[in-house]
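Below is run32.cif, which holds mmCIF, C-alpha atoms and all ligand atoms.
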data_protein
#
loop_
_atom_site.label_atom_id
_atom_site.label_comp_id
_atom_site.auth_asym_id
_atom_site.auth_seq_id
_atom_site.Cartn_x
_atom_site.Cartn_y
_atom_site.Cartn_z
CA MET A 1 0.00 0.00 0.00
CA ASN A 2 1.38 3.38 -0.96
CA TYR A 3 0.84 5.70 2.00
CA ILE A 4 1.90 8.80 0.15
CA HIS A 5 -1.06 8.45 -2.17
CA MET A 6 -3.42 7.94 0.71
CA GLU A 7 -2.24 11.07 2.45
CA TYR A 8 -2.76 13.05 -0.67
CA PHE A 9 -6.31 11.80 -0.89
CA GLU A 10 -6.92 12.53 2.80
CA GLU A 11 -5.68 16.06 2.25
CA LEU A 12 -8.30 16.59 -0.45
CA LEU A 13 -11.05 15.16 1.71
CA LYS A 14 -10.15 17.44 4.59
CA ARG A 15 -10.37 20.53 2.46
CA GLU A 16 -13.55 22.33 3.31
CA SER A 17 -15.91 23.42 0.61
CA LEU A 18 -16.84 27.09 0.35
CA PHE A 19 -20.36 26.12 -0.69
CA LYS A 20 -23.12 25.58 1.82
CA ASP A 21 -25.36 24.06 -0.82
CA GLU A 22 -24.11 24.15 -4.38
CA SER A 23 -27.40 22.95 -5.87
CA LYS A 24 -29.07 26.18 -4.80
CA LEU A 25 -27.15 28.02 -7.49
CA ASP A 26 -28.57 25.75 -10.13
CA ILE A 27 -30.43 27.76 -12.77
CA ASN A 28 -33.58 25.68 -12.34
CA TYR A 29 -33.64 25.74 -8.55
CA ILE A 30 -36.73 27.47 -7.14
CA PRO A 31 -35.78 29.55 -4.09
CA ASN A 32 -38.24 29.99 -1.21
CA GLU A 33 -38.30 33.72 -1.69
CA LEU A 34 -38.04 36.02 -4.66
CA PRO A 35 -36.87 39.47 -3.64
CA HIS A 36 -38.54 42.21 -5.73
CA ARG A 37 -41.19 39.97 -7.23
CA ASP A 38 -43.73 40.33 -4.36
CA LYS A 39 -45.92 42.56 -6.46
CA GLU A 40 -46.12 40.04 -9.29
CA LEU A 41 -46.79 37.13 -6.91
CA SER A 42 -49.53 39.09 -5.19
CA LEU A 43 -51.11 40.04 -8.54
CA LEU A 44 -51.09 36.42 -9.68
CA SER A 45 -52.75 35.41 -6.40
CA GLN A 46 -55.49 37.98 -6.91
CA LEU A 47 -56.05 36.85 -10.50
CA PHE A 48 -56.36 33.19 -9.55
CA LEU A 49 -58.19 33.62 -6.25
CA GLY A 50 -61.46 32.55 -7.88
CA LEU A 51 -60.07 29.08 -8.54
CA ILE A 52 -60.11 28.58 -4.78
CA THR A 53 -63.20 30.50 -3.73
CA ASN A 54 -65.39 29.10 -6.55
CA PRO A 55 -63.81 25.84 -7.64
CA ASN A 56 -64.30 24.85 -11.27
CA SER A 57 -66.53 27.79 -12.10
CA ILE A 58 -64.00 30.18 -13.57
CA SER A 59 -61.08 29.96 -15.91
CA ARG A 60 -58.26 32.48 -16.31
CA LYS A 61 -55.97 33.16 -19.22
CA ILE A 62 -52.95 35.31 -18.49
CA LEU A 63 -49.92 36.34 -20.46
CA VAL A 64 -46.65 37.04 -18.67
CA THR A 65 -44.09 39.02 -20.61
CA GLY A 66 -40.69 40.67 -20.12
CA LYS A 67 -37.00 40.51 -21.03
CA THR A 68 -34.76 37.50 -20.56
CA GLY A 69 -33.52 36.39 -17.13
CA ILE A 70 -35.77 38.60 -15.01
CA GLY A 71 -37.62 35.89 -13.13
CA LYS A 72 -40.70 35.16 -15.26
CA THR A 73 -40.30 31.39 -15.16
CA VAL A 74 -39.21 31.16 -11.54
CA THR A 75 -41.99 33.49 -10.30
CA VAL A 76 -44.69 31.53 -12.12
CA LYS A 77 -43.22 28.25 -10.83
CA LEU A 78 -43.17 29.49 -7.25
CA PHE A 79 -46.72 30.74 -7.69
CA GLY A 80 -47.75 27.28 -8.97
CA LYS A 81 -46.30 25.69 -5.84
CA ILE A 82 -48.13 28.16 -3.60
CA LEU A 83 -51.43 27.65 -5.44
CA GLU A 84 -51.16 23.86 -5.15
CA ASN A 85 -50.38 24.08 -1.43
CA VAL A 86 -53.21 26.46 -0.62
CA SER A 87 -55.75 24.45 -2.59
CA ARG A 88 -54.60 21.17 -1.02
CA LYS A 89 -55.23 22.65 2.42
CA ARG A 90 -58.82 23.34 1.37
CA SER A 91 -59.24 19.96 -0.31
CA ILE A 92 -59.60 21.50 -3.77
CA ASN A 93 -57.82 19.70 -6.60
CA ILE A 94 -55.69 22.12 -8.54
CA LYS A 95 -52.88 20.76 -10.65
CA TYR A 96 -50.06 22.97 -11.81
CA ALA A 97 -48.43 21.82 -15.08
CA HIS A 98 -45.40 23.68 -16.42
CA VAL A 99 -44.50 22.97 -20.04
CA ASN A 100 -41.55 24.48 -21.87
CA CYS A 101 -42.59 24.88 -25.50
CA ARG A 102 -38.99 25.09 -26.65
CA LYS A 103 -38.57 21.52 -25.45
CA GLU A 104 -42.05 20.27 -26.38
CA ARG A 105 -42.29 21.86 -29.78
CA THR A 106 -45.63 20.56 -31.04
CA SER A 107 -49.18 20.65 -29.72
CA TYR A 108 -49.03 16.86 -29.61
CA LYS A 109 -46.02 16.80 -27.30
CA VAL A 110 -47.50 19.47 -25.05
CA LEU A 111 -50.77 17.57 -24.73
CA ILE A 112 -48.94 14.34 -23.87
CA LYS A 113 -47.00 16.24 -21.19
CA LEU A 114 -50.22 17.62 -19.71
CA ILE A 115 -51.93 14.24 -19.65
CA GLN A 116 -48.87 12.57 -18.16
CA SER A 117 -48.87 15.17 -15.39
CA LEU A 118 -52.27 13.72 -14.44
CA ASP A 119 -51.45 10.09 -15.10
CA THR A 120 -47.80 9.10 -15.46
CA ARG A 121 -48.67 5.75 -17.04
CA PHE A 122 -50.26 7.30 -20.13
CA PRO A 123 -48.50 6.04 -23.31
CA LYS A 124 -46.66 8.49 -25.57
CA ARG A 125 -47.91 7.24 -28.94
CA GLY A 126 -50.97 6.01 -30.70
CA TYR A 127 -53.30 8.99 -30.50
CA SER A 128 -54.27 11.98 -32.61
CA SER A 129 -54.21 15.50 -31.15
CA GLN A 130 -58.01 15.48 -31.07
CA ASP A 131 -57.98 12.16 -29.16
CA LEU A 132 -55.57 13.70 -26.69
CA LEU A 133 -57.83 16.69 -26.09
CA ASP A 134 -60.71 14.29 -25.37
CA VAL A 135 -58.54 12.26 -23.01
CA LEU A 136 -57.51 15.43 -21.20
CA ILE A 137 -61.15 16.48 -20.71
CA GLU A 138 -62.04 13.02 -19.52
CA PHE A 139 -59.20 12.90 -17.00
CA LEU A 140 -60.01 16.36 -15.63
CA HIS A 141 -63.53 15.14 -14.89
CA LEU A 142 -62.53 11.71 -13.71
CA TYR A 143 -60.03 13.07 -11.18
CA ASP A 144 -62.13 16.17 -10.49
CA ILE A 145 -59.21 18.51 -11.19
CA HIS A 146 -58.70 22.06 -12.39
CA ILE A 147 -55.43 22.28 -14.28
CA LEU A 148 -53.30 25.41 -14.51
CA VAL A 149 -51.36 25.00 -17.74
CA VAL A 150 -48.23 27.10 -18.03
CA LEU A 151 -46.93 27.39 -21.57
CA ASP A 152 -43.42 28.75 -21.08
CA GLU A 153 -41.50 30.14 -24.07
CA LEU A 154 -44.80 30.05 -25.92
CA SER A 155 -43.40 31.81 -29.00
CA TYR A 156 -41.84 28.51 -30.10
CA LEU A 157 -45.29 27.02 -30.46
CA ILE A 158 -47.03 30.03 -31.95
CA ASN A 159 -44.57 30.40 -34.76
CA LYS A 160 -45.47 27.02 -36.12
CA HIS A 161 -49.04 28.15 -36.59
CA GLU A 162 -50.28 25.78 -33.97
CA ASP A 163 -53.60 26.64 -32.43
CA LEU A 164 -53.12 24.83 -29.16
CA ILE A 165 -54.34 27.72 -27.02
CA TYR A 166 -57.51 27.89 -29.07
CA SER A 167 -58.08 24.14 -28.68
CA LEU A 168 -57.35 24.26 -24.97
CA THR A 169 -59.78 27.15 -24.51
CA ARG A 170 -62.43 25.03 -26.20
CA ILE A 171 -62.12 22.44 -23.43
CA ASN A 172 -64.07 24.76 -21.14
CA ASP A 173 -66.60 25.85 -23.77
CA ASP A 174 -67.46 22.36 -25.01
CA ASN A 175 -68.16 21.21 -21.54
CA LEU A 176 -71.78 20.14 -21.07
CA LYS A 177 -71.79 20.76 -17.35
CA CYS A 178 -70.28 24.21 -17.90
CA ASP A 179 -67.45 23.31 -15.56
CA GLN A 180 -64.33 25.36 -15.97
CA ARG A 181 -61.44 23.00 -15.57
CA LEU A 182 -58.52 24.64 -17.33
CA SER A 183 -56.60 27.90 -16.93
CA ILE A 184 -53.61 29.09 -18.89
CA ILE A 185 -50.55 31.21 -18.22
CA GLY A 186 -48.50 31.88 -21.34
CA ILE A 187 -44.97 33.24 -20.98
CA VAL A 188 -43.32 35.19 -23.82
CA ARG A 189 -40.38 37.57 -23.98
CA ASP A 190 -41.83 39.64 -26.69
CA LEU A 191 -45.47 40.28 -27.58
CA SER A 192 -44.88 40.49 -31.33
CA CYS A 193 -45.22 36.70 -31.73
CA LEU A 194 -48.90 36.98 -30.83
CA ASN A 195 -49.74 38.29 -34.29
CA ASN A 196 -49.84 34.72 -35.53
CA LEU A 197 -52.56 33.72 -33.12
CA ASP A 198 -56.23 33.23 -33.78
CA ASN A 199 -58.00 36.59 -33.32
CA SER A 200 -60.25 35.62 -30.46
CA THR A 201 -57.39 33.94 -28.58
CA MET A 202 -55.27 37.01 -29.09
CA SER A 203 -57.86 39.40 -27.76
CA THR A 204 -58.46 37.23 -24.67
CA LEU A 205 -54.76 37.11 -23.94
CA GLN A 206 -54.18 40.77 -24.65
CA ARG A 207 -56.67 41.76 -22.01
CA ASN A 208 -54.64 40.03 -19.33
CA ILE A 209 -51.02 40.93 -19.71
CA LEU A 210 -48.69 40.94 -16.74
CA GLU A 211 -45.50 42.70 -17.68
CA PHE A 212 -42.36 42.00 -15.65
CA LYS A 213 -40.04 45.00 -15.53
CA LYS A 214 -36.26 44.71 -15.67
CA TYR A 215 -34.55 44.76 -12.28
CA SER A 216 -32.68 47.92 -11.28
CA ASP A 217 -28.99 47.66 -10.36
CA GLY A 218 -29.85 47.79 -6.66
CA GLN A 219 -32.43 45.04 -7.06
CA ILE A 220 -29.93 42.80 -8.85
CA PHE A 221 -27.54 43.35 -5.93
CA ASN A 222 -30.21 42.30 -3.39
CA ILE A 223 -31.18 39.24 -5.40
CA LEU A 224 -27.59 38.05 -5.85
CA LYS A 225 -26.90 38.67 -2.15
CA TYR A 226 -29.91 36.57 -1.21
CA ARG A 227 -28.88 33.75 -3.54
CA ALA A 228 -25.26 33.87 -2.32
CA ASP A 229 -26.33 33.75 1.35
CA ASP A 230 -28.46 30.74 0.54
CA SER A 231 -25.76 28.75 -1.22
CA LEU A 232 -22.34 29.85 0.07
CA LYS A 233 -20.84 29.70 3.53
CA LYS A 234 -20.70 32.84 5.62
CA ASN A 235 -18.15 35.49 4.58
CA VAL A 236 -17.21 33.69 1.37
CA LEU A 237 -18.60 36.48 -0.82
CA SER A 238 -18.30 40.02 0.52
CA ASP A 239 -20.75 42.81 -0.34
CA LYS A 240 -17.98 44.43 -2.35
CA MET A 241 -17.67 41.34 -4.54
CA ILE A 242 -21.45 41.06 -4.87
CA LYS A 243 -21.44 44.65 -6.06
CA MET A 244 -18.82 43.76 -8.66
CA ILE A 245 -20.88 40.80 -9.88
CA SER A 246 -24.09 42.89 -9.99
CA GLU A 247 -22.33 45.43 -12.16
CA ILE A 248 -21.29 42.65 -14.54
CA THR A 249 -24.90 41.40 -14.55
CA SER A 250 -26.51 44.81 -15.05
CA SER A 251 -25.56 45.23 -18.69
CA SER A 252 -27.74 42.32 -19.77
CA GLY A 253 -30.02 42.31 -16.73
CA ASP A 254 -30.07 38.49 -16.93
CA VAL A 255 -29.82 37.21 -13.35
CA ARG A 256 -28.66 33.82 -14.68
CA HIS A 257 -25.37 35.41 -15.65
CA GLY A 258 -24.81 36.66 -12.11
CA LEU A 259 -25.61 33.26 -10.60
CA ASN A 260 -23.25 31.62 -13.03
CA VAL A 261 -20.42 34.02 -12.16
CA ILE A 262 -20.97 33.38 -8.43
CA TRP A 263 -20.76 29.63 -8.96
CA ARG A 264 -17.69 29.80 -11.18
CA SER A 265 -15.77 32.27 -9.04
CA CYS A 266 -16.45 30.15 -5.98
CA LYS A 267 -15.09 27.06 -7.76
CA ILE A 268 -12.00 29.07 -8.72
CA ALA A 269 -11.52 30.26 -5.11
CA GLU A 270 -11.73 26.63 -3.95
CA SER A 271 -9.20 25.47 -6.50
CA LYS A 272 -6.81 28.19 -5.31
CA ASN A 273 -7.29 27.08 -1.72
CA LEU A 274 -8.66 30.48 -0.71
CA LYS A 275 -11.07 31.04 2.16
CA TYR A 276 -13.13 33.57 0.26
CA ILE A 277 -13.78 34.84 -3.25
CA ASN A 278 -11.60 37.77 -4.32
CA ALA A 279 -11.78 40.13 -7.30
CA GLU A 280 -9.42 37.99 -9.34
CA CYS A 281 -11.71 34.96 -8.90
CA VAL A 282 -14.67 37.03 -10.10
CA ARG A 283 -12.75 38.29 -13.11
CA LEU A 284 -11.69 34.76 -14.04
CA GLY A 285 -15.20 33.49 -13.37
CA ASN A 286 -16.65 36.00 -15.77
CA GLN A 287 -14.04 35.42 -18.47
CA ASP A 288 -15.01 33.27 -21.43
CA LEU A 289 -18.48 32.94 -20.00
CA LEU A 290 -21.15 32.76 -22.60
CA HIS A 291 -24.57 33.58 -21.33
CA TYR A 292 -26.35 30.67 -19.80
CA SER A 293 -29.30 31.23 -22.10
CA THR A 294 -26.99 31.05 -25.12
CA LEU A 295 -25.47 27.77 -23.96
CA ASP A 296 -28.94 26.47 -23.31
CA VAL A 297 -29.95 27.36 -26.85
CA LEU A 298 -26.86 25.62 -28.30
CA GLU A 299 -27.62 22.51 -26.35
CA TYR A 300 -30.95 22.00 -28.05
CA MET A 301 -29.64 22.54 -31.57
CA ASN A 302 -29.31 19.72 -34.07
CA SER A 303 -26.07 19.31 -36.00
CA GLN A 304 -27.47 20.95 -39.14
CA LYS A 305 -28.38 24.10 -37.28
CA LEU A 306 -25.07 24.10 -35.42
CA SER A 307 -23.18 23.81 -38.72
CA PHE A 308 -25.05 26.74 -40.19
CA LEU A 309 -24.38 28.81 -37.09
CA LEU A 310 -20.71 27.90 -37.33
CA ALA A 311 -20.76 28.98 -40.97
CA ILE A 312 -22.09 32.40 -39.98
CA ILE A 313 -19.47 32.78 -37.25
CA LYS A 314 -16.66 31.77 -39.58
CA ALA A 315 -17.86 34.08 -42.34
CA LEU A 316 -17.96 36.95 -39.86
CA ASN A 317 -14.46 36.08 -38.64
CA ASN A 318 -13.12 35.73 -42.13
CA HIS A 319 -14.37 39.05 -43.35
CA ASP A 320 -13.22 40.61 -40.12
CA ASN A 321 -16.44 42.38 -40.67
CA ILE A 322 -19.37 43.42 -38.55
CA LYS A 323 -21.88 42.25 -41.11
CA ILE A 324 -22.19 39.54 -43.72
CA SER A 325 -24.86 38.56 -46.22
CA PHE A 326 -26.96 35.40 -46.28
CA ASN A 327 -24.96 34.31 -49.34
CA ASP A 328 -21.62 34.67 -47.53
CA ALA A 329 -23.02 32.36 -44.87
CA LEU A 330 -24.26 29.87 -47.48
CA LYS A 331 -20.83 29.60 -49.11
CA ARG A 332 -19.21 28.82 -45.77
CA TYR A 333 -21.96 26.39 -44.92
CA TYR A 334 -21.40 24.28 -48.06
CA MET A 335 -17.69 24.14 -47.26
CA ILE A 336 -18.35 22.96 -43.73
CA CYS A 337 -20.88 20.36 -44.90
CA GLU A 338 -18.36 18.96 -47.33
CA ASN A 339 -15.63 18.82 -44.71
CA ILE A 340 -17.65 16.98 -42.13
CA GLY A 341 -19.75 14.88 -44.51
CA LEU A 342 -23.13 16.44 -43.84
CA LYS A 343 -25.84 16.62 -46.49
CA PRO A 344 -26.65 20.33 -46.86
CA ARG A 345 -30.16 21.54 -46.13
CA SER A 346 -32.24 23.50 -48.61
CA ASN A 347 -31.94 27.28 -48.76
CA SER A 348 -35.42 27.78 -47.39
CA GLN A 349 -34.66 25.53 -44.41
CA LEU A 350 -31.51 27.55 -43.77
CA TRP A 351 -33.55 30.72 -44.05
CA ASN A 352 -35.81 29.33 -41.32
CA TYR A 353 -32.76 28.57 -39.18
CA LEU A 354 -31.73 32.19 -39.60
CA GLN A 355 -35.11 33.37 -38.28
CA GLU A 356 -34.79 30.97 -35.36
CA PHE A 357 -31.30 32.26 -34.50
CA LYS A 358 -32.79 35.71 -34.41
CA ARG A 359 -35.55 34.64 -32.06
CA GLU A 360 -32.99 32.91 -29.87
CA ASN A 361 -31.13 36.23 -29.53
CA LEU A 362 -27.97 34.88 -31.14
CA LEU A 363 -27.80 37.39 -33.93
CA GLU A 364 -29.45 40.31 -35.64
CA THR A 365 -30.67 40.34 -39.20
CA LYS A 366 -31.87 43.02 -41.49
CA ILE A 367 -34.00 41.81 -44.37
CA VAL A 368 -33.22 43.56 -47.61
CA SER A 369 -35.63 41.63 -49.82
CA GLU A 370 -38.24 39.09 -48.83
CA LYS A 371 -38.93 37.54 -52.22
CA ILE A 372 -38.24 33.82 -52.32
CA LYS A 373 -35.90 34.08 -55.30
CA GLY A 374 -33.95 37.05 -54.18
CA ARG A 375 -33.91 36.55 -50.44
CA ARG A 376 -31.35 38.83 -48.95
CA ALA A 377 -30.48 39.46 -45.37
CA ILE A 378 -27.63 41.19 -43.64
CA ILE A 379 -26.43 39.27 -40.61
CA ALA A 380 -24.55 40.53 -37.54
CA ILE A 381 -23.68 39.12 -34.11
CA PRO A 382 -23.31 42.27 -32.03
CA ASP A 383 -23.87 40.98 -28.50
CA LEU A 384 -21.79 37.84 -28.15
CA SER A 385 -18.10 37.13 -28.10
CA LEU A 386 -17.37 35.43 -31.42
CA PRO A 387 -14.40 33.31 -30.28
CA ASN A 388 -16.41 31.98 -27.33
CA LEU A 389 -19.45 31.30 -29.45
CA GLU A 390 -17.27 29.57 -32.03
CA ARG A 391 -15.56 27.43 -29.40
CA ASN A 392 -18.86 26.38 -27.84
CA THR A 393 -20.47 25.63 -31.20
CA ILE A 394 -17.52 23.47 -32.23
CA GLU A 395 -17.56 21.68 -28.87
CA MET A 396 -21.23 20.95 -29.31
CA LEU A 397 -20.64 19.57 -32.81
CA ASN A 398 -17.74 17.46 -31.53
CA SER A 399 -19.97 16.05 -28.84
CA LYS A 400 -22.33 14.93 -31.60
CA GLY A 401 -19.50 13.05 -33.29
CA PHE A 402 -18.46 15.61 -35.93
CA LYS A 403 -14.80 16.48 -36.22
CA ILE A 404 -14.22 20.12 -37.10
N1 LIG B 501 -36.23 37.86 -7.69
C1 LIG B 501 -35.42 36.81 -7.79
N2 LIG B 501 -34.92 36.24 -6.68
C2 LIG B 501 -34.10 35.17 -6.75
N3 LIG B 501 -33.71 34.59 -7.91
C3 LIG B 501 -34.17 35.12 -9.05
C4 LIG B 501 -35.05 36.24 -9.05
N4 LIG B 501 -35.34 36.56 -10.34
C5 LIG B 501 -34.69 35.67 -11.10
N5 LIG B 501 -33.98 34.80 -10.34
C6 LIG B 501 -33.16 33.70 -10.84
O1 LIG B 501 -32.59 34.11 -12.07
C7 LIG B 501 -32.62 33.08 -13.05
C8 LIG B 501 -33.39 33.55 -14.26
O2 LIG B 501 -34.78 33.68 -13.97
P1 LIG B 501 -35.90 33.04 -14.91
O3 LIG B 501 -35.44 31.72 -15.40
O4 LIG B 501 -37.18 33.07 -14.18
O5 LIG B 501 -35.88 34.09 -16.10
P2 LIG B 501 -36.95 34.33 -17.27
O6 LIG B 501 -37.51 35.69 -17.08
O7 LIG B 501 -37.88 33.19 -17.34
O8 LIG B 501 -35.98 34.36 -18.53
P3 LIG B 501 -36.19 33.77 -20.02
O9 LIG B 501 -37.09 34.72 -20.74
O10 LIG B 501 -34.80 33.78 -20.60
O11 LIG B 501 -36.76 32.39 -19.89
C9 LIG B 501 -33.26 31.87 -12.38
O12 LIG B 501 -32.25 30.97 -11.98
C10 LIG B 501 -33.99 32.47 -11.20
O13 LIG B 501 -34.03 31.56 -10.11
MG MG B 502 -38.00 31.53 -18.63
#
Could I get this file's structure written as structure tokens?
Amino acid sequence: MNYIHMEYFEELLKRESLFKDESKLDINYIPNELPHRDKELSLLSQLFLGLITNPNSISRKILVTGKTGIGKTVTVKLFGKILENVSRKRSINIKYAHVNCRKERTSYKVLIKLIQSLDTRFPKRGYSSQDLLDVLIEFLHLYDIHILVVLDELSYLINKHEDLIYSLTRINDDNLKCDQRLSIIGIVRDLSCLNNLDNSTMSTLQRNILEFKKYSDGQIFNILKYRADDSLKKNVLSDKMIKMISEITSSSGDVRHGLNVIWRSCKIAESKNLKYINAECVRLGNQDLLHYSTLDVLEYMNSQKLSFLLAIIKALNNHDNIKISFNDALKRYYMICENIGLKPRSNSQLWNYLQEFKRENLLETKIVSEKIKGRRAIIAIPDLSLPNLERNTIEMLNSKGFKI
């Protein structure tokens, strides 16, 4: 037995972590409190109070909107938890079902998710969307439940001309007993996507818009302080350092970025054997950090879309230019496809990818001509660091088995 090795291991085990609970910095963790979102939580409670005072006799349809990373999802999720708890205490069956439409991209998938939230054994295949709507109605009656459906990142569903909201609304109307068993909260960053909706759906939703405002610098400080107190040991992150991280976060206003910097700088402090996080750790923690939302977007991309994105990045790099044309991107794309043995997609598919990139906040485009034959767009990536984006895109392609 080699004792030297054992000692080394012991040394590592003895080293104390600077985290109290690392999982509380996870982007999807729902904290017990949400500083500066009291007003929104209280408004939601008022709007949905009727579900508790008059069970199954009213239905609400609300739209939550606001910029990225300002607590829309987490506030609605916490509200869902509160609503379920309060109703359980009064023996009223309210089920909260949160669906992310970026992950469940068709009405079919969303409906399956909703039904499975009521009955986990329900099979994934073998039904039509209409069947699924009927099953949903049947289950709501059978289990005597009112379901609060949250359609998060709703724009991903609307853009495909799906009329899920319309169909879901019909569940209440078609009901012979006039029971109201379904409410909806839609979450979108930007209201412009609503133009594709059915007129009556749009006017219902437009009457009930809850707009989340961006946090002020001081509010970001308070939020990050609360999250750091919750997850790190005492005195690991001083107010001065929190101030530094809030300033970094302020430019985008996306709280995810701040949480990510806290986590990374704490890991760096640990690796340096420090007892607390200093400015150098924060600087290093912020370096090379793509926004969490950007990484999240890359993670859900297929290899075709990733290759086209890489083509755009490379064309921008090559021209050492701020802007390129759709054609410049195409040329690069064909080269990449040939190199990695990928069958190129059609121009109109690539055009769709371009629109999706825009919606995903990766780039900006300016359309010069919309005609199918002479489609022209000017493309720029003003907000992201190109080398970082390129590195992450290549890594993602590598992880899918493509050698770049
Ligand atoms: N008031 C707050 N208190 C504590 N944490 C917060 C608060 N607001 C946001 N956060 C945290 O910031 C992160 C981003 O919030 P959230 O995911 O709700 O953003 P969003 O508005 O839904 O953004 P997007 O439009 O990109 O989906 C989450 O990890 C969330 O827990
Ligand atoms: Mg969200």
Local residues around (-46.1, 9.0, -25.0), at most 10 Å away, using all atoms listed in the file, as a PDB file with C-alpha atoms, in the coordinates of the input:
ATOM      1  CA  TYR A 108     -49.030  16.860 -29.610  1.00  0.00           C
ATOM      2  CA  LYS A 109     -46.020  16.800 -27.300  1.00  0.00           C
ATOM      3  CA  LEU A 111     -50.770  17.570 -24.730  1.00  0.00           C
ATOM      4  CA  ILE A 112     -48.940  14.340 -23.870  1.00  0.00           C
ATOM      5  CA  LYS A 113     -47.000  16.240 -21.190  1.00  0.00           C
ATOM      6  CA  ILE A 115     -51.930  14.240 -19.650  1.00  0.00           C
ATOM      7  CA  GLN A 116     -48.870  12.570 -18.160  1.00  0.00           C
ATOM      8  CA  THR A 120     -47.800   9.100 -15.460  1.00  0.00           C
ATOM      9  CA  ARG A 121     -48.670   5.750 -17.040  1.00  0.00           C
ATOM     10  CA  PHE A 122     -50.260   7.300 -20.130  1.00  0.00           C
ATOM     11  CA  PRO A 123     -48.500   6.040 -23.310  1.00  0.00           C
ATOM     12  CA  LYS A 124     -46.660   8.490 -25.570  1.00  0.00           C
ATOM     13  CA  ARG A 125     -47.910   7.240 -28.940  1.00  0.00           C
ATOM     14  CA  GLY A 126     -50.970   6.010 -30.700  1.00  0.00           C
ATOM     15  CA  TYR A 127     -53.300   8.990 -30.500  1.00  0.00           C
TER      16      TYR A 127
END
- Message: How would you report the residues lying within 9 Å of ligand MG 502 (chain B), as a list in words, if you count only C-alpha atoms and all ligand atoms?
- Response: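 So, counting only C-alpha atoms and all ligand atoms, the residues near ligand MG 502 (chain B) are Thr68, Gly69, Ile70, Gly71, Lys72, Thr73, Val74, Asn100, Asp152, Glu153, Ile187, Val188 and Arg189 of chain A.
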- Message: From the options A:Gly253, A:Gly341, A:Gly218, A:Gly66, which residue's atoms come nearest to ligand LIG 501 (chain B), counting only C-alpha atoms and all ligand atoms?
- Response: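 Residue with the minimum atom-to-atom distance to ligand LIG 501 (chain B): A:Gly66.
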- Surrounding residues as a ChimeraX atom specification, ligand LIG 501 (chain B), max 9 Å, all atoms listed in the file: /A:25-38,65-77,152-153,187-189,212,215,219-220,222-224,226-227,254-259,293
- Task: Find the residue from A:Leu389, A:Ile404, A:Ile378, A:Val261 that sits nearest to Ser303 in chain A; use all atoms listed in the file when measuring.
- Result: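 Of all the options, A:Ile404 lies closest to Ser303 in chain A.
In this model, the gap between CA of Thr53 in chain A and CA of Val99 in chain A comes to 25.9 Å.
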- Message: So that I can check the surroundings of Asn286 in chain A, please list as JSON, numbers by chain every protein, DNA and RNA residue that reaches within 10 Å of it, counting all atoms listed in the file and ignoring chain neighbours fewer than 6 positions away.
- Response: {"A": [245, 248, 249, 257, 258, 260, 261, 262, 264, 265, 280]}
- Query: Could you pull the residues within 8 Å of Tyr333 in chain A, counting all atoms listed in the file, minus those fewer than 3 positions along the same chain, as a PyMOL selection string?
  - Reply: chain A and resi 307-308+310-312+329-330+336-337+344
- Note on the structure: Nearest to Ile158 in chain A, restricted to all atoms listed in the file and choosing among A:Thr106, A:Gln130, A:Asn361, A:Asn208, comes out as A:Thr106
- Task: Would you mind listing what lies within 8 Å of range 230-242 of chain A as number ranges by chain, with only C-alpha atoms counted and same-chain residues fewer than 2 positions away left out?
- Result: A: 18-25, 221, 224-228, 244-246, 275-279, 282
- Query: Which residue, A:Leu274, A:Val64, A:Cys178, A:Leu397, has the smallest gap to Lys213 in chain A when you use only C-alpha atoms?
  - Reply: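 Among A:Leu274, A:Val64, A:Cys178, A:Leu397, it is A:Val64 that comes nearest to Lys213 in chain A.
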- Task: Select, counting all atoms listed in the file, all protein, DNA and RNA residues no farther than 12 Å from (-61.8, 16.6, -11.5) in file coordinates, and express the selection as a PyMOL selection string.
- Result: chain A and resi 55-56+91-95+118+136-147+179-182
- Can you tell me how far CA of Asp119 in chain A sits from CA of Tyr166 in chain A, in Å to one decimal?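 Value for the CA of Asp119 in chain A-CA of Tyr166 in chain A distance: 23.4 Å.
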- Determine, counting all atoms listed in the file, which protein, DNA and RNA residues have an atom within 7 Å of an atom of Leu63 in chain A; residues of the same chain fewer than 3 positions away are not included. Present the result as a list in words. Ile185, Gly186, Ile187, Leu205, Asn208, Ile209 and Leu210 of chain A
